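Written out below as structure tokens is the structure these notes cover.
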Amino acid sequence: MSDLTPAALLVLGRQFNTISTRQLDESGVTRHHREELVRGGVLEHVGQSVLRVVGAPVTLEARLAALCLQHPRGFVTGPTAGGLLGLRRMPKVARIHFTLPHGSRADVPGHVLLRQTTRWFDEHRRDLGNGIVVADWVRLAFDLSSGLRDRDLASVIEQMLHRGVCTEEQLGAMARLMCAPRRPGSARFARVLLRRHPGRFAESHPELQVLEGLLALGVPVEPQVDDLVLPDGGCVRIDMAVPHVRWAVEVDVHPAHLDLVGTTRD
């Protein structure tokens, strides 16, 4: 490692011990020097124009960084990106979901599920700054529609809105851009968007389950009703309510509600 330049070491530290040949060149490591590092057992090839530090842990993040560095026009998507970004209701998948423009010649390993698309736009990609490029939040919501059930997709969309990483208007624009009769997930994405209550969001999956159950029974509940002023002057936001009859439901699943302080405050 001492044979690498400080600039190359910074890149390796940021990118899970993976680096592209272009980045090595830019970091002052010549091709001749790079070949010496490979022969000396410091670096090894993990793909076309991508190397990693010999003996470094082969984590999911390291595999994703190597894949993105090898295919700079692609991006990680689907449940792989969802799990990486902490989205709920993500199914466990053995293969990495990766998207490239349609017609791209890509030699990907067997653990990669290649999803080629004719609707490729640079703004649908988001560089995490660590060698990994993922689908933009709104594109990710659409891509997830091909593999999730309606309620799980709805839950993910509520979570994104709650986080503030996208808006209803952006989701609607994505539906108009991407939804097509033969494109997987199109019908589900449009259906879930049309069914949701505009302007407000459920803050947890159990809250969404209760909300949908009450609506299915004909109870006209609204999610996240405006702050209610308590007798002591404090304010709380109701998870869902029928405001005109002053009827409300709270779904307290957060661990903070289970300790002594939380139960006392409740």
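All residue names refer to the structure tokens as shown: chains lettered A, B, ... in order, residues numbered from 1 in each chain, ligands numbered from 1 in order.
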
- Message: For Arg115 of chain A, find every residue with an atom within 12 Å (counting only C-alpha atoms), except residues of its own chain fewer than 4 positions away, and show them as a ChimeraX atom specification.
- Response: /A:74-78,95-104,106,108,119-120,143,146,183-184

- Using DSSP on the backbone coordinates, identify all residues within segment 28-195 of chain A classified as strand (DSSP E or B); present the result as a list of chain:residue names.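 Strand (DSSP E or B) assignments inside segment 28-195 of chain A correspond to A:Leu43, A:Glu44, A:His45, A:Val46, A:Gly47, A:Val50, A:Leu51, A:Arg52, A:Val53, A:Phe75, A:Val76, A:Ile96, A:His97, A:Phe98, A:Thr99, A:Leu100, A:Pro101, A:Val112, A:Leu113, A:Leu114, A:Arg115, A:Gln116, A:Thr117, A:Arg125, A:Arg126, A:Asp127, A:Val133, A:Val134, A:Ala135.
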
- Distance of atom CA of Val245 of chain A from atom CA of Leu214 of chain A, expressed in Å to one decimal place: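 These two atoms are separated by 15.3 Å.
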
Output as a Markdown table one row per residue of segment 28-126 of chain A within 7 Å of segment 147-171 of chain A: the closest atom pair and its distance in Å to one decimal place, counting only C-alpha atoms, sorted by chain and residue number ascending.
```
| residue | atom | partner | partner_atom | distance |
| --- | --- | --- | --- | --- |
| A:Leu87 | CA | A:Val156 | CA | 6.5 |
| A:Arg88 | CA | A:Val156 | CA | 6.3 |
| A:Arg89 | CA | A:Asp152 | CA | 5.8 |
```

- Do you have the atom CA of Ala135 of chain A-atom CA of Asp107 of chain A distance handy?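 Result for atom CA of Ala135 of chain A versus atom CA of Asp107 of chain A: 20.4 Å, one decimal.
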
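You will find atom CA of Val192 of chain A at 21.9 Å from atom CA of Val251 of chain A.
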
- Using only C-alpha atoms, which residues sit within 8 Å of segment 59-66 of chain A once same-chain residues fewer than 6 positions away are excluded, as a ChimeraX atom specification? /A:15-19,46-47,50-51,76,130-133

Take the residues just selected and output them with N, CA and C atoms as a PDB file, in the first residue's frame.
```pdb
ATOM      1  N   GLN A  15     -13.942   4.362  -1.584  1.00  0.00           N
ATOM      2  CA  GLN A  15     -14.673   3.464  -2.476  1.00  0.00           C
ATOM      3  C   GLN A  15     -14.529   1.993  -2.094  1.00  0.00           C
ATOM      4  N   PHE A  16     -14.453   1.709  -0.824  1.00  0.00           N
ATOM      5  CA  PHE A  16     -14.455   0.327  -0.351  1.00  0.00           C
ATOM      6  C   PHE A  16     -13.319  -0.489  -0.976  1.00  0.00           C
ATOM      7  N   ASN A  17     -12.135   0.144  -1.056  1.00  0.00           N
ATOM      8  CA  ASN A  17     -10.911  -0.512  -1.545  1.00  0.00           C
ATOM      9  C   ASN A  17     -10.970  -0.898  -3.020  1.00  0.00           C
ATOM     10  N   THR A  18     -11.807  -0.223  -3.793  1.00  0.00           N
ATOM     11  CA  THR A  18     -11.859  -0.440  -5.236  1.00  0.00           C
ATOM     12  C   THR A  18     -11.515   0.855  -5.944  1.00  0.00           C
ATOM     13  N   ILE A  19     -10.958   0.734  -7.159  1.00  0.00           N
ATOM     14  CA  ILE A  19     -10.538   1.922  -7.894  1.00  0.00           C
ATOM     15  C   ILE A  19     -10.473   1.573  -9.380  1.00  0.00           C
ATOM     16  N   VAL A  46     -10.690  -6.880 -10.715  1.00  0.00           N
ATOM     17  CA  VAL A  46     -12.013  -7.431 -10.383  1.00  0.00           C
ATOM     18  C   VAL A  46     -13.013  -7.160 -11.503  1.00  0.00           C
ATOM     19  N   GLY A  47     -12.538  -6.673 -12.611  1.00  0.00           N
ATOM     20  CA  GLY A  47     -13.388  -6.368 -13.754  1.00  0.00           C
ATOM     21  C   GLY A  47     -12.589  -5.545 -14.727  1.00  0.00           C
ATOM     22  N   VAL A  50     -11.038  -2.114 -13.559  1.00  0.00           N
ATOM     23  CA  VAL A  50     -11.304  -1.918 -12.136  1.00  0.00           C
ATOM     24  C   VAL A  50     -10.411  -2.852 -11.327  1.00  0.00           C
ATOM     25  N   LEU A  51      -9.823  -2.311 -10.253  1.00  0.00           N
ATOM     26  CA  LEU A  51      -8.962  -3.100  -9.387  1.00  0.00           C
ATOM     27  C   LEU A  51      -9.382  -2.896  -7.943  1.00  0.00           C
ATOM     28  N   VAL A  76     -27.331   1.168  -9.803  1.00  0.00           N
ATOM     29  CA  VAL A  76     -27.933   0.133  -8.972  1.00  0.00           C
ATOM     30  C   VAL A  76     -29.383   0.522  -8.716  1.00  0.00           C
ATOM     31  N   ASN A 130     -19.165   7.499  -3.284  1.00  0.00           N
ATOM     32  CA  ASN A 130     -18.286   6.438  -2.780  1.00  0.00           C
ATOM     33  C   ASN A 130     -18.050   5.346  -3.828  1.00  0.00           C
ATOM     34  N   GLY A 131     -18.221   5.720  -5.082  1.00  0.00           N
ATOM     35  CA  GLY A 131     -18.068   4.765  -6.166  1.00  0.00           C
ATOM     36  C   GLY A 131     -19.364   4.115  -6.586  1.00  0.00           C
ATOM     37  N   ILE A 132     -20.412   4.248  -5.764  1.00  0.00           N
ATOM     38  CA  ILE A 132     -21.699   3.619  -6.047  1.00  0.00           C
ATOM     39  C   ILE A 132     -22.660   4.651  -6.636  1.00  0.00           C
ATOM     40  N   VAL A 133     -23.306   4.277  -7.727  1.00  0.00           N
ATOM     41  CA  VAL A 133     -24.329   5.126  -8.355  1.00  0.00           C
ATOM     42  C   VAL A 133     -25.653   4.368  -8.273  1.00  0.00           C
TER      43      VAL A 133
END
```

- Query: For Arg39 of chain A, which of A:Ala187, A:Ser204, A:Ser27, A:Val54 is the closest residue, counting only C-alpha atoms?
  - Reply: A:Val54

- Task: Please give the complete set of residues from segment 76-215 of chain A that DSSP, run on the backbone, assigns to alpha helix (DSSP H), formatted as a PyMOL selection string.
- Result: chain A and resi 78-84+137-144+150-163+168-178+186-195+205-215

- Message: List as a VMD selection string the protein and nucleic acid residues near Met178 of chain A, meaning an atom at most 12 Å away when only C-alpha atoms are counted, but skip any in the same chain fewer than 4 places from it.
- Response: chain A and resid 117 to 121 124 138 to 143 145 171 to 174 182 to 187 189 to 190

- Which residue gives the smallest distance to His111 of chain A among A:Leu24, A:Leu67, A:Leu84, A:Arg196, with only C-alpha atoms counted?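 Once distances to His111 of chain A are computed over only C-alpha atoms, the minimum belongs to A:Leu67.
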
- Using only C-alpha atoms, which residues sit within 12 Å of Glu35 of chain A once same-chain residues fewer than 3 positions away are excluded, as number ranges by chain? A: 3, 21, 24, 29-32, 38-45, 51

Output for the residues just chosen: N, CA, C and O atoms as a compact mmCIF listing (two decimals), in the first residue's frame:
```txt
# COMPACT_ATOMS: atom_id res chain seq x y z
N ASP A 3 3.26 1.88 -1.81
CA ASP A 3 3.64 2.24 -3.17
C ASP A 3 2.57 3.06 -3.87
O ASP A 3 2.80 3.56 -4.97
N THR A 21 -8.98 2.20 -13.36
CA THR A 21 -7.69 2.56 -13.94
C THR A 21 -7.62 4.06 -14.24
O THR A 21 -6.56 4.68 -14.11
N LEU A 24 -6.77 5.75 -11.06
CA LEU A 24 -5.35 5.56 -10.75
C LEU A 24 -4.50 6.52 -11.56
O LEU A 24 -3.56 7.14 -11.04
N VAL A 29 -0.76 7.37 -10.54
CA VAL A 29 -0.25 6.00 -10.63
C VAL A 29 -0.24 5.62 -12.11
O VAL A 29 -1.29 5.42 -12.72
N THR A 30 0.95 5.51 -12.69
CA THR A 30 1.06 5.22 -14.11
C THR A 30 0.70 3.77 -14.40
O THR A 30 0.60 2.94 -13.49
N ARG A 31 0.52 3.48 -15.69
CA ARG A 31 0.20 2.11 -16.09
C ARG A 31 1.30 1.14 -15.68
O ARG A 31 1.03 0.04 -15.17
N HIS A 32 2.56 1.54 -15.87
CA HIS A 32 3.69 0.68 -15.49
C HIS A 32 3.69 0.44 -13.98
O HIS A 32 3.89 -0.71 -13.52
N VAL A 38 0.14 -4.92 -9.29
CA VAL A 38 -0.58 -6.18 -9.50
C VAL A 38 0.37 -7.36 -9.34
O VAL A 38 0.06 -8.35 -8.66
N ARG A 39 1.54 -7.28 -9.96
CA ARG A 39 2.52 -8.36 -9.83
C ARG A 39 2.99 -8.52 -8.39
O ARG A 39 3.28 -9.64 -7.94
N GLY A 40 3.03 -7.44 -7.67
CA GLY A 40 3.50 -7.49 -6.28
C GLY A 40 2.43 -7.90 -5.29
O GLY A 40 2.69 -7.96 -4.08
N GLY A 41 1.22 -8.18 -5.77
CA GLY A 41 0.16 -8.64 -4.88
C GLY A 41 -0.49 -7.56 -4.05
O GLY A 41 -1.13 -7.85 -3.02
N VAL A 42 -0.36 -6.30 -4.48
CA VAL A 42 -1.01 -5.19 -3.78
C VAL A 42 -2.42 -4.97 -4.32
O VAL A 42 -3.38 -4.78 -3.56
N LEU A 43 -2.56 -4.98 -5.64
CA LEU A 43 -3.86 -4.81 -6.29
C LEU A 43 -4.17 -6.02 -7.15
O LEU A 43 -3.27 -6.75 -7.58
N GLU A 44 -5.46 -6.23 -7.39
CA GLU A 44 -5.89 -7.30 -8.28
C GLU A 44 -7.07 -6.82 -9.11
O GLU A 44 -7.84 -5.96 -8.67
N HIS A 45 -7.21 -7.36 -10.32
CA HIS A 45 -8.31 -6.99 -11.20
C HIS A 45 -9.60 -7.66 -10.75
O HIS A 45 -9.63 -8.84 -10.45
N LEU A 51 -9.82 -2.31 -10.25
CA LEU A 51 -8.96 -3.10 -9.39
C LEU A 51 -9.38 -2.90 -7.94
O LEU A 51 -10.08 -1.94 -7.61
```
